[in-house]
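Engineer: Structure file upload_5.pdb (PDB, C-alpha atoms) is given on the next line.
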```
ATOM      1  CA  MET A   4     -28.793  63.352  -1.280  1.00  0.00           C
ATOM      2  CA  GLY A   5     -30.686  63.209   1.978  1.00  0.00           C
ATOM      3  CA  ALA A   6     -33.388  60.988   3.406  1.00  0.00           C
ATOM      4  CA  GLY A   7     -35.362  60.629   0.150  1.00  0.00           C
ATOM      5  CA  ASP A   8     -32.376  59.222  -1.701  1.00  0.00           C
ATOM      6  CA  ARG A   9     -31.530  56.944   1.224  1.00  0.00           C
ATOM      7  CA  GLU A  10     -35.080  55.519   1.165  1.00  0.00           C
ATOM      8  CA  ARG A  11     -35.040  55.072  -2.627  1.00  0.00           C
ATOM      9  CA  TRP A  12     -31.697  53.242  -2.618  1.00  0.00           C
ATOM     10  CA  ASN A  13     -32.616  51.216   0.464  1.00  0.00           C
ATOM     11  CA  GLU A  14     -35.723  50.029  -1.389  1.00  0.00           C
ATOM     12  CA  LYS A  15     -33.653  49.122  -4.452  1.00  0.00           C
ATOM     13  CA  TRP A  16     -31.007  47.191  -2.510  1.00  0.00           C
ATOM     14  CA  SER A  17     -33.672  45.457  -0.368  1.00  0.00           C
ATOM     15  CA  SER A  18     -35.010  43.818  -3.524  1.00  0.00           C
ATOM     16  CA  VAL A  19     -31.560  42.479  -4.496  1.00  0.00           C
ATOM     17  CA  GLY A  20     -30.583  39.440  -2.449  1.00  0.00           C
ATOM     18  CA  THR A  21     -27.261  38.868  -0.759  1.00  0.00           C
ATOM     19  CA  GLY A  22     -24.868  37.033  -3.028  1.00  0.00           C
ATOM     20  CA  THR A  23     -26.752  38.207  -6.130  1.00  0.00           C
ATOM     21  CA  ASP A  24     -24.414  38.770  -9.059  1.00  0.00           C
ATOM     22  CA  HIS A  25     -25.150  42.417  -9.792  1.00  0.00           C
ATOM     23  CA  ARG A  26     -21.970  42.694 -11.864  1.00  0.00           C
ATOM     24  CA  SER A  27     -20.618  46.167 -12.386  1.00  0.00           C
ATOM     25  CA  PRO A  28     -18.922  47.078 -15.668  1.00  0.00           C
ATOM     26  CA  LEU A  29     -16.331  48.895 -13.522  1.00  0.00           C
ATOM     27  CA  VAL A  30     -14.475  45.680 -12.747  1.00  0.00           C
ATOM     28  CA  GLU A  31     -13.740  44.849 -16.382  1.00  0.00           C
ATOM     29  CA  LEU A  32     -13.205  48.497 -17.336  1.00  0.00           C
ATOM     30  CA  VAL A  33     -10.451  49.245 -14.822  1.00  0.00           C
ATOM     31  CA  ALA A  34      -8.802  45.789 -14.757  1.00  0.00           C
ATOM     32  CA  PRO A  35      -5.844  46.656 -17.048  1.00  0.00           C
ATOM     33  CA  TRP A  36      -4.847  49.564 -14.798  1.00  0.00           C
ATOM     34  CA  LEU A  37      -5.515  48.176 -11.305  1.00  0.00           C
ATOM     35  CA  PRO A  38      -2.542  48.093  -8.971  1.00  0.00           C
ATOM     36  CA  ASP A  39      -1.699  44.803  -7.233  1.00  0.00           C
ATOM     37  CA  ALA A  40      -2.304  46.425  -3.844  1.00  0.00           C
ATOM     38  CA  GLY A  41      -3.479  49.717  -2.408  1.00  0.00           C
ATOM     39  CA  ARG A  42      -6.567  51.571  -1.239  1.00  0.00           C
ATOM     40  CA  LEU A  43      -9.721  51.731  -3.364  1.00  0.00           C
ATOM     41  CA  LEU A  44     -12.733  53.970  -2.696  1.00  0.00           C
ATOM     42  CA  ASP A  45     -15.986  52.857  -4.339  1.00  0.00           C
ATOM     43  CA  VAL A  46     -18.155  56.008  -4.416  1.00  0.00           C
ATOM     44  CA  ALA A  47     -21.908  55.308  -4.186  1.00  0.00           C
ATOM     45  CA  GLY A  48     -21.074  51.608  -4.586  1.00  0.00           C
ATOM     46  CA  GLY A  49     -23.905  50.425  -2.342  1.00  0.00           C
ATOM     47  CA  GLY A  50     -24.830  46.836  -2.956  1.00  0.00           C
ATOM     48  CA  SER A  51     -23.042  46.292  -6.266  1.00  0.00           C
ATOM     49  CA  SER A  52     -20.593  43.420  -6.494  1.00  0.00           C
ATOM     50  CA  ALA A  53     -17.692  45.616  -7.642  1.00  0.00           C
ATOM     51  CA  ALA A  54     -16.301  46.199  -4.140  1.00  0.00           C
ATOM     52  CA  VAL A  55     -16.106  42.466  -3.456  1.00  0.00           C
ATOM     53  CA  GLU A  56     -14.426  41.830  -6.809  1.00  0.00           C
ATOM     54  CA  PHE A  57     -11.835  44.518  -6.082  1.00  0.00           C
ATOM     55  CA  ALA A  58     -11.209  43.105  -2.598  1.00  0.00           C
ATOM     56  CA  LYS A  59     -10.677  39.635  -4.136  1.00  0.00           C
ATOM     57  CA  GLN A  60      -7.908  41.215  -6.210  1.00  0.00           C
ATOM     58  CA  GLY A  61      -6.044  42.274  -3.063  1.00  0.00           C
ATOM     59  CA  LEU A  62      -7.146  45.902  -2.715  1.00  0.00           C
ATOM     60  CA  ALA A  63      -8.192  47.463   0.591  1.00  0.00           C
ATOM     61  CA  VAL A  64     -11.728  48.539  -0.365  1.00  0.00           C
ATOM     62  CA  THR A  65     -13.971  51.155   1.216  1.00  0.00           C
ATOM     63  CA  VAL A  66     -17.527  51.645  -0.050  1.00  0.00           C
ATOM     64  CA  ALA A  67     -19.096  55.064   0.593  1.00  0.00           C
ATOM     65  CA  ASP A  68     -22.859  55.215   0.086  1.00  0.00           C
ATOM     66  CA  VAL A  69     -26.026  56.798   1.500  1.00  0.00           C
ATOM     67  CA  SER A  70     -27.861  53.446   1.679  1.00  0.00           C
ATOM     68  CA  ASP A  71     -27.407  51.494   4.897  1.00  0.00           C
ATOM     69  CA  VAL A  72     -29.138  48.547   3.193  1.00  0.00           C
ATOM     70  CA  GLY A  73     -26.688  48.665   0.267  1.00  0.00           C
ATOM     71  CA  LEU A  74     -23.732  48.873   2.646  1.00  0.00           C
ATOM     72  CA  SER A  75     -25.067  45.947   4.672  1.00  0.00           C
ATOM     73  CA  LYS A  76     -25.354  43.952   1.431  1.00  0.00           C
ATOM     74  CA  ALA A  77     -21.747  44.870   0.569  1.00  0.00           C
ATOM     75  CA  ARG A  78     -20.565  43.575   3.963  1.00  0.00           C
ATOM     76  CA  GLU A  79     -22.637  40.384   3.653  1.00  0.00           C
ATOM     77  CA  ASP A  80     -21.393  39.700   0.115  1.00  0.00           C
ATOM     78  CA  ALA A  81     -17.803  40.306   1.278  1.00  0.00           C
ATOM     79  CA  ALA A  82     -18.264  37.837   4.146  1.00  0.00           C
ATOM     80  CA  LEU A  83     -19.637  35.227   1.711  1.00  0.00           C
ATOM     81  CA  ALA A  84     -16.580  35.769  -0.503  1.00  0.00           C
ATOM     82  CA  ALA A  85     -14.219  35.619   2.508  1.00  0.00           C
ATOM     83  CA  VAL A  86     -12.841  39.110   1.873  1.00  0.00           C
ATOM     84  CA  GLU A  87     -13.004  42.331   3.844  1.00  0.00           C
ATOM     85  CA  VAL A  88     -14.757  45.490   2.688  1.00  0.00           C
ATOM     86  CA  ASP A  89     -15.033  48.617   4.839  1.00  0.00           C
ATOM     87  CA  THR A  90     -18.199  50.680   4.541  1.00  0.00           C
ATOM     88  CA  VAL A  91     -19.009  54.316   5.268  1.00  0.00           C
ATOM     89  CA  GLU A  92     -22.590  55.584   5.356  1.00  0.00           C
ATOM     90  CA  ILE A  93     -22.366  59.058   3.875  1.00  0.00           C
ATOM     91  CA  ASP A  94     -24.531  61.688   2.205  1.00  0.00           C
ATOM     92  CA  LEU A  95     -22.204  62.667  -0.637  1.00  0.00           C
ATOM     93  CA  GLU A  96     -24.039  65.958  -1.166  1.00  0.00           C
ATOM     94  CA  ALA A  97     -23.468  67.075   2.431  1.00  0.00           C
ATOM     95  CA  ASP A  98     -20.453  65.178   3.795  1.00  0.00           C
ATOM     96  CA  PRO A  99     -16.830  65.055   2.639  1.00  0.00           C
ATOM     97  CA  LEU A 100     -15.442  61.971   0.948  1.00  0.00           C
ATOM     98  CA  PRO A 101     -13.559  59.578   3.222  1.00  0.00           C
ATOM     99  CA  ALA A 102      -9.991  60.840   3.544  1.00  0.00           C
ATOM    100  CA  GLY A 103      -7.431  59.749   0.979  1.00  0.00           C
ATOM    101  CA  PRO A 104      -5.086  59.412  -0.579  1.00  0.00           C
ATOM    102  CA  TRP A 105      -6.709  56.648  -2.619  1.00  0.00           C
ATOM    103  CA  ASP A 106      -4.861  54.557  -5.174  1.00  0.00           C
ATOM    104  CA  VAL A 107      -8.114  53.954  -7.036  1.00  0.00           C
ATOM    105  CA  ILE A 108     -11.499  55.688  -6.942  1.00  0.00           C
ATOM    106  CA  THR A 109     -14.441  54.135  -8.775  1.00  0.00           C
ATOM    107  CA  VAL A 110     -17.902  55.521  -9.516  1.00  0.00           C
ATOM    108  CA  ALA A 111     -20.753  53.778 -11.324  1.00  0.00           C
ATOM    109  CA  ASN A 112     -24.186  55.152 -12.061  1.00  0.00           C
ATOM    110  CA  TYR A 113     -23.830  58.179  -9.805  1.00  0.00           C
ATOM    111  CA  LEU A 114     -23.431  61.697 -11.166  1.00  0.00           C
ATOM    112  CA  GLN A 115     -22.537  64.597  -8.899  1.00  0.00           C
ATOM    113  CA  ARG A 116     -20.442  66.942 -10.986  1.00  0.00           C
ATOM    114  CA  GLU A 117     -19.306  68.971  -7.956  1.00  0.00           C
ATOM    115  CA  LEU A 118     -17.641  65.844  -6.537  1.00  0.00           C
ATOM    116  CA  PHE A 119     -15.115  65.437  -9.364  1.00  0.00           C
ATOM    117  CA  PRO A 120     -12.564  68.029  -8.100  1.00  0.00           C
ATOM    118  CA  THR A 121     -12.598  66.411  -4.657  1.00  0.00           C
ATOM    119  CA  MET A 122     -12.131  62.925  -6.088  1.00  0.00           C
ATOM    120  CA  ILE A 123      -9.179  64.165  -8.139  1.00  0.00           C
ATOM    121  CA  GLU A 124      -7.639  65.816  -5.043  1.00  0.00           C
ATOM    122  CA  GLN A 125      -8.063  62.592  -3.047  1.00  0.00           C
ATOM    123  CA  LEU A 126      -6.140  60.451  -5.556  1.00  0.00           C
ATOM    124  CA  ALA A 127      -2.617  59.377  -4.681  1.00  0.00           C
ATOM    125  CA  ALA A 128       0.225  60.094  -7.095  1.00  0.00           C
ATOM    126  CA  GLY A 129      -0.332  57.743 -10.028  1.00  0.00           C
ATOM    127  CA  GLY A 130      -3.865  57.087  -8.755  1.00  0.00           C
ATOM    128  CA  ILE A 131      -6.618  55.788 -11.015  1.00  0.00           C
ATOM    129  CA  LEU A 132     -10.133  57.190 -11.413  1.00  0.00           C
ATOM    130  CA  ALA A 133     -12.649  54.870 -13.139  1.00  0.00           C
ATOM    131  CA  ILE A 134     -16.135  56.082 -14.049  1.00  0.00           C
ATOM    132  CA  VAL A 135     -19.220  54.481 -15.617  1.00  0.00           C
ATOM    133  CA  ILE A 136     -22.224  56.809 -16.072  1.00  0.00           C
ATOM    134  CA  ALA A 137     -25.070  56.793 -18.590  1.00  0.00           C
ATOM    135  CA  THR A 138     -25.245  59.624 -21.129  1.00  0.00           C
ATOM    136  CA  GLU A 139     -28.174  61.664 -22.436  1.00  0.00           C
ATOM    137  CA  THR A 140     -28.266  59.354 -25.469  1.00  0.00           C
ATOM    138  CA  ASN A 141     -29.699  56.723 -23.132  1.00  0.00           C
ATOM    139  CA  LEU A 142     -33.008  58.656 -23.215  1.00  0.00           C
ATOM    140  CA  GLU A 143     -33.503  57.420 -26.794  1.00  0.00           C
ATOM    141  CA  ARG A 144     -34.361  53.985 -25.394  1.00  0.00           C
ATOM    142  CA  SER A 145     -35.266  54.538 -21.744  1.00  0.00           C
ATOM    143  CA  ASP A 146     -36.654  57.273 -19.539  1.00  0.00           C
ATOM    144  CA  LYS A 147     -34.477  56.076 -16.638  1.00  0.00           C
ATOM    145  CA  PRO A 148     -32.246  57.382 -15.340  1.00  0.00           C
ATOM    146  CA  GLY A 149     -33.738  60.845 -15.751  1.00  0.00           C
ATOM    147  CA  ARG A 150     -31.922  63.730 -17.426  1.00  0.00           C
ATOM    148  CA  PRO A 151     -30.404  65.181 -14.200  1.00  0.00           C
ATOM    149  CA  PHE A 152     -28.493  61.903 -13.715  1.00  0.00           C
ATOM    150  CA  LEU A 153     -27.047  61.701 -17.234  1.00  0.00           C
ATOM    151  CA  LEU A 154     -23.853  63.055 -18.731  1.00  0.00           C
ATOM    152  CA  ASP A 155     -23.901  65.228 -21.829  1.00  0.00           C
ATOM    153  CA  ARG A 156     -22.250  63.684 -24.889  1.00  0.00           C
ATOM    154  CA  GLY A 157     -18.475  64.052 -24.574  1.00  0.00           C
ATOM    155  CA  GLU A 158     -18.720  65.608 -21.110  1.00  0.00           C
ATOM    156  CA  LEU A 159     -16.926  63.048 -18.964  1.00  0.00           C
ATOM    157  CA  PRO A 160     -13.321  63.869 -20.016  1.00  0.00           C
ATOM    158  CA  THR A 161     -14.002  67.554 -19.272  1.00  0.00           C
ATOM    159  CA  LEU A 162     -14.807  66.654 -15.651  1.00  0.00           C
ATOM    160  CA  VAL A 163     -11.285  65.313 -14.996  1.00  0.00           C
ATOM    161  CA  PRO A 164      -8.945  68.212 -15.862  1.00  0.00           C
ATOM    162  CA  GLY A 165      -5.311  67.562 -15.073  1.00  0.00           C
ATOM    163  CA  LEU A 166      -5.649  63.778 -15.267  1.00  0.00           C
ATOM    164  CA  ASP A 167      -4.233  61.656 -18.073  1.00  0.00           C
ATOM    165  CA  VAL A 168      -7.187  59.952 -19.784  1.00  0.00           C
ATOM    166  CA  LEU A 169      -6.154  56.346 -20.408  1.00  0.00           C
ATOM    167  CA  HIS A 170      -9.491  55.154 -21.796  1.00  0.00           C
ATOM    168  CA  HIS A 171     -12.734  56.864 -22.795  1.00  0.00           C
ATOM    169  CA  THR A 172     -15.657  55.494 -24.786  1.00  0.00           C
ATOM    170  CA  GLU A 173     -19.345  56.278 -25.141  1.00  0.00           C
ATOM    171  CA  ASP A 174     -21.535  53.571 -26.591  1.00  0.00           C
ATOM    172  CA  TRP A 175     -24.524  51.290 -26.160  1.00  0.00           C
ATOM    173  CA  ARG A 176     -23.468  48.580 -23.708  1.00  0.00           C
ATOM    174  CA  PRO A 177     -24.573  44.955 -23.313  1.00  0.00           C
ATOM    175  CA  ASN A 178     -26.751  46.084 -20.377  1.00  0.00           C
ATOM    176  CA  GLY A 179     -28.853  48.109 -22.847  1.00  0.00           C
ATOM    177  CA  ARG A 180     -27.659  51.497 -21.576  1.00  0.00           C
ATOM    178  CA  HIS A 181     -25.709  54.172 -23.421  1.00  0.00           C
ATOM    179  CA  GLU A 182     -22.800  54.790 -21.060  1.00  0.00           C
ATOM    180  CA  ALA A 183     -19.618  56.804 -20.903  1.00  0.00           C
ATOM    181  CA  HIS A 184     -16.678  54.768 -19.583  1.00  0.00           C
ATOM    182  CA  LEU A 185     -13.503  56.543 -18.474  1.00  0.00           C
ATOM    183  CA  VAL A 186     -10.249  55.572 -16.805  1.00  0.00           C
ATOM    184  CA  ALA A 187      -7.806  58.377 -15.941  1.00  0.00           C
ATOM    185  CA  ARG A 188      -4.588  58.652 -13.916  1.00  0.00           C
ATOM    186  CA  THR A 189      -2.905  61.378 -11.909  1.00  0.00           C
ATOM    187  CA  SER A 190       0.495  62.473 -13.194  1.00  0.00           C
TER     188      SER A 190
END
```
Here is the file; what I need is its structure written in the form of structure tokens.

Structural biologist:
Amino acid sequence: MGAGDRERWNEKWSSVGTGTDHRSPLVELVAPWLPDAGRLLDVAGGGSSAAVEFAKQGLAVTVADVSDVGLSKAREDAALAAVEVDTVEIDLEADPLPAGPWDVITVANYLQRELFPTMIEQLAAGGILAIVIATETNLERSDKPGRPFLLDRGELPTLVPGLDVLHHTEDWRPNGRHEAHLVARTS
């Protein structure tokens, strides 16, 4: 990821105000399978509202992201909601994930294929992995995100070998993006 990605994401999260409802589809996607308590790691969660929503549901949430601005927004939004969210500034391409085991790991709009085996290893027994990432079909309507950041059609289930896929769809979403949504569980 490095300094260039940090600057890009810092610029993005600087333009989104604290308390802004930047609702992540992750919250609704994983809701039927969320445990009542446990540890949740939000990978590259930055300034999205998902971490705060998960903390409101009683989970101990850690957000790992390269953007110090996004992490600051996550802490500020958590304070406004009177919940606690831990944050870890991390370059996911160079540094290891925060140590598990995690009861839930979520990822939205971040594709690093090499990270999937590590996320699977870090899940607790019965742990849930929830993913939302745009697919190459999205290029039919938008040039962003670029091809390197998009899943191939049908690829997402192949990235989680050994997990039980509980839910997987690929479709145009209300946000105008063609996304793959997946929820899977360790045995």

Engineer: Show me as a PyMOL selection string the residues that reach within 12 Å of (-14.9, 44.0, -11.2), counting all atoms listed in the file and using the file's own coordinates.

Structural biologist: chain A and resi 24-35+37+45+48+51-60+62+109+111+133

Engineer: Give me the result of the PyMOL selection byres ((chain A and resi 122) around 12) on this file, residue by residue, as a ChimeraX atom specification.

Structural biologist: /A:43-46,95,99-110,115-121,123-127,130-134,162-164,166,187-189

Engineer: Can those selected residues be exported to a file as an mmCIF file, in the frame of the given file so that it contains C-alpha atoms?

Structural biologist:
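Heads up, here's the output in result-v3.cif:
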```
data_model
loop_
_atom_site.group_PDB
_atom_site.id
_atom_site.type_symbol
_atom_site.label_atom_id
_atom_site.label_comp_id
_atom_site.auth_asym_id
_atom_site.auth_seq_id
_atom_site.Cartn_x
_atom_site.Cartn_y
_atom_site.Cartn_z
ATOM 1 C CA LEU A 43 -9.721 51.731 -3.364
ATOM 2 C CA LEU A 44 -12.733 53.970 -2.696
ATOM 3 C CA ASP A 45 -15.986 52.857 -4.339
ATOM 4 C CA VAL A 46 -18.155 56.008 -4.416
ATOM 5 C CA LEU A 95 -22.204 62.667 -0.637
ATOM 6 C CA PRO A 99 -16.830 65.055 2.639
ATOM 7 C CA LEU A 100 -15.442 61.971 0.948
ATOM 8 C CA PRO A 101 -13.559 59.578 3.222
ATOM 9 C CA ALA A 102 -9.991 60.840 3.544
ATOM 10 C CA GLY A 103 -7.431 59.749 0.979
ATOM 11 C CA PRO A 104 -5.086 59.412 -0.579
ATOM 12 C CA TRP A 105 -6.709 56.648 -2.619
ATOM 13 C CA ASP A 106 -4.861 54.557 -5.174
ATOM 14 C CA VAL A 107 -8.114 53.954 -7.036
ATOM 15 C CA ILE A 108 -11.499 55.688 -6.942
ATOM 16 C CA THR A 109 -14.441 54.135 -8.775
ATOM 17 C CA VAL A 110 -17.902 55.521 -9.516
ATOM 18 C CA GLN A 115 -22.537 64.597 -8.899
ATOM 19 C CA ARG A 116 -20.442 66.942 -10.986
ATOM 20 C CA GLU A 117 -19.306 68.971 -7.956
ATOM 21 C CA LEU A 118 -17.641 65.844 -6.537
ATOM 22 C CA PHE A 119 -15.115 65.437 -9.364
ATOM 23 C CA PRO A 120 -12.564 68.029 -8.100
ATOM 24 C CA THR A 121 -12.598 66.411 -4.657
ATOM 25 C CA ILE A 123 -9.179 64.165 -8.139
ATOM 26 C CA GLU A 124 -7.639 65.816 -5.043
ATOM 27 C CA GLN A 125 -8.063 62.592 -3.047
ATOM 28 C CA LEU A 126 -6.140 60.451 -5.556
ATOM 29 C CA ALA A 127 -2.617 59.377 -4.681
ATOM 30 C CA GLY A 130 -3.865 57.087 -8.755
ATOM 31 C CA ILE A 131 -6.618 55.788 -11.015
ATOM 32 C CA LEU A 132 -10.133 57.190 -11.413
ATOM 33 C CA ALA A 133 -12.649 54.870 -13.139
ATOM 34 C CA ILE A 134 -16.135 56.082 -14.049
ATOM 35 C CA LEU A 162 -14.807 66.654 -15.651
ATOM 36 C CA VAL A 163 -11.285 65.313 -14.996
ATOM 37 C CA PRO A 164 -8.945 68.212 -15.862
ATOM 38 C CA LEU A 166 -5.649 63.778 -15.267
ATOM 39 C CA ALA A 187 -7.806 58.377 -15.941
ATOM 40 C CA ARG A 188 -4.588 58.652 -13.916
ATOM 41 C CA THR A 189 -2.905 61.378 -11.909
#
```

Engineer: Name the residues in contact with Lys147 in chain A at a cut-off of 12 Å, using all atoms listed in the file, excluding same-chain residues fewer than 3 positions from it; report them as a PyMOL selection string.

Structural biologist: chain A and resi 112+137-144+150-153+179-181

Engineer: Rank nothing, just name the residue among A:Pro38, A:Gly49, A:Gly129, A:Gly73 nearest to Tyr113 in chain A, using all atoms listed in the file.

Structural biologist: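 Smallest separation from Tyr113 in chain A among the options: A:Gly49.
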
Engineer: If I take CA of Ser70 in chain A and CA of Glu96 in chain A, how far is one from the other in Å, to one decimal?

Structural biologist: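 Rounded to one decimal, the two atoms are 13.4 Å apart.
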
Engineer: In terms of the shortest atom-to-atom distance over only C-alpha atoms, which of A:Val168, A:Ala40, A:Val88, A:Leu83 is closest to His184 in chain A?

Structural biologist: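 Among the listed residues, the smallest separation from His184 in chain A belongs to A:Val168.
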
Engineer: If I take CA of Glu92 in chain A and CA of Ala67 in chain A, how far is one from the other in Å, to one decimal?

Structural biologist: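 Computing the Euclidean distance for CA of Glu92 in chain A and CA of Ala67 in chain A yields 5.9 Å.
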
Engineer: What is the CA of Ala183 in chain A-CA of Thr161 in chain A distance in Å, reported with one decimal?

Structural biologist: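 The value is 12.2 Å.
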
Engineer: Given only C-alpha atoms as the basis, pick out the residue of A:Val64, A:Val72, A:Val135, A:Val186 nearest to Asp174 in chain A.

Structural biologist: A:Val135

Engineer: Quick one: everything within 10 Å of Gly61 in chain A, counting all atoms listed in the file, minus sequence neighbours fewer than 6 positions away in the same chain. Send it as an MDAnalysis selection string.

Structural biologist: chainID A and resid 38:42 86:87

Engineer: Produce a file of the selected residues containing C-alpha atoms, as a PDB file, keeping the file's coordinate frame.

Structural biologist:
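Writing the result to result-v5.pdb gives the following:
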```pdb
ATOM      1  CA  PRO A  38      -2.542  48.093  -8.971  1.00  0.00           C
ATOM      2  CA  ASP A  39      -1.699  44.803  -7.233  1.00  0.00           C
ATOM      3  CA  ALA A  40      -2.304  46.425  -3.844  1.00  0.00           C
ATOM      4  CA  GLY A  41      -3.479  49.717  -2.408  1.00  0.00           C
ATOM      5  CA  ARG A  42      -6.567  51.571  -1.239  1.00  0.00           C
ATOM      6  CA  VAL A  86     -12.841  39.110   1.873  1.00  0.00           C
ATOM      7  CA  GLU A  87     -13.004  42.331   3.844  1.00  0.00           C
TER       8      GLU A  87
END
```

Engineer: So that I can see what lies close to Asp80 in chain A, please list as a list in words the residues with an atom at most 8 Å from it, counting only C-alpha atoms and leaving out residues fewer than 2 positions away in the same chain.

Structural biologist: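 Those residues are Thr21, Gly22, Ser52, Val55, Lys76, Ala77, Arg78, Ala82, Leu83 and Ala84 of chain A.
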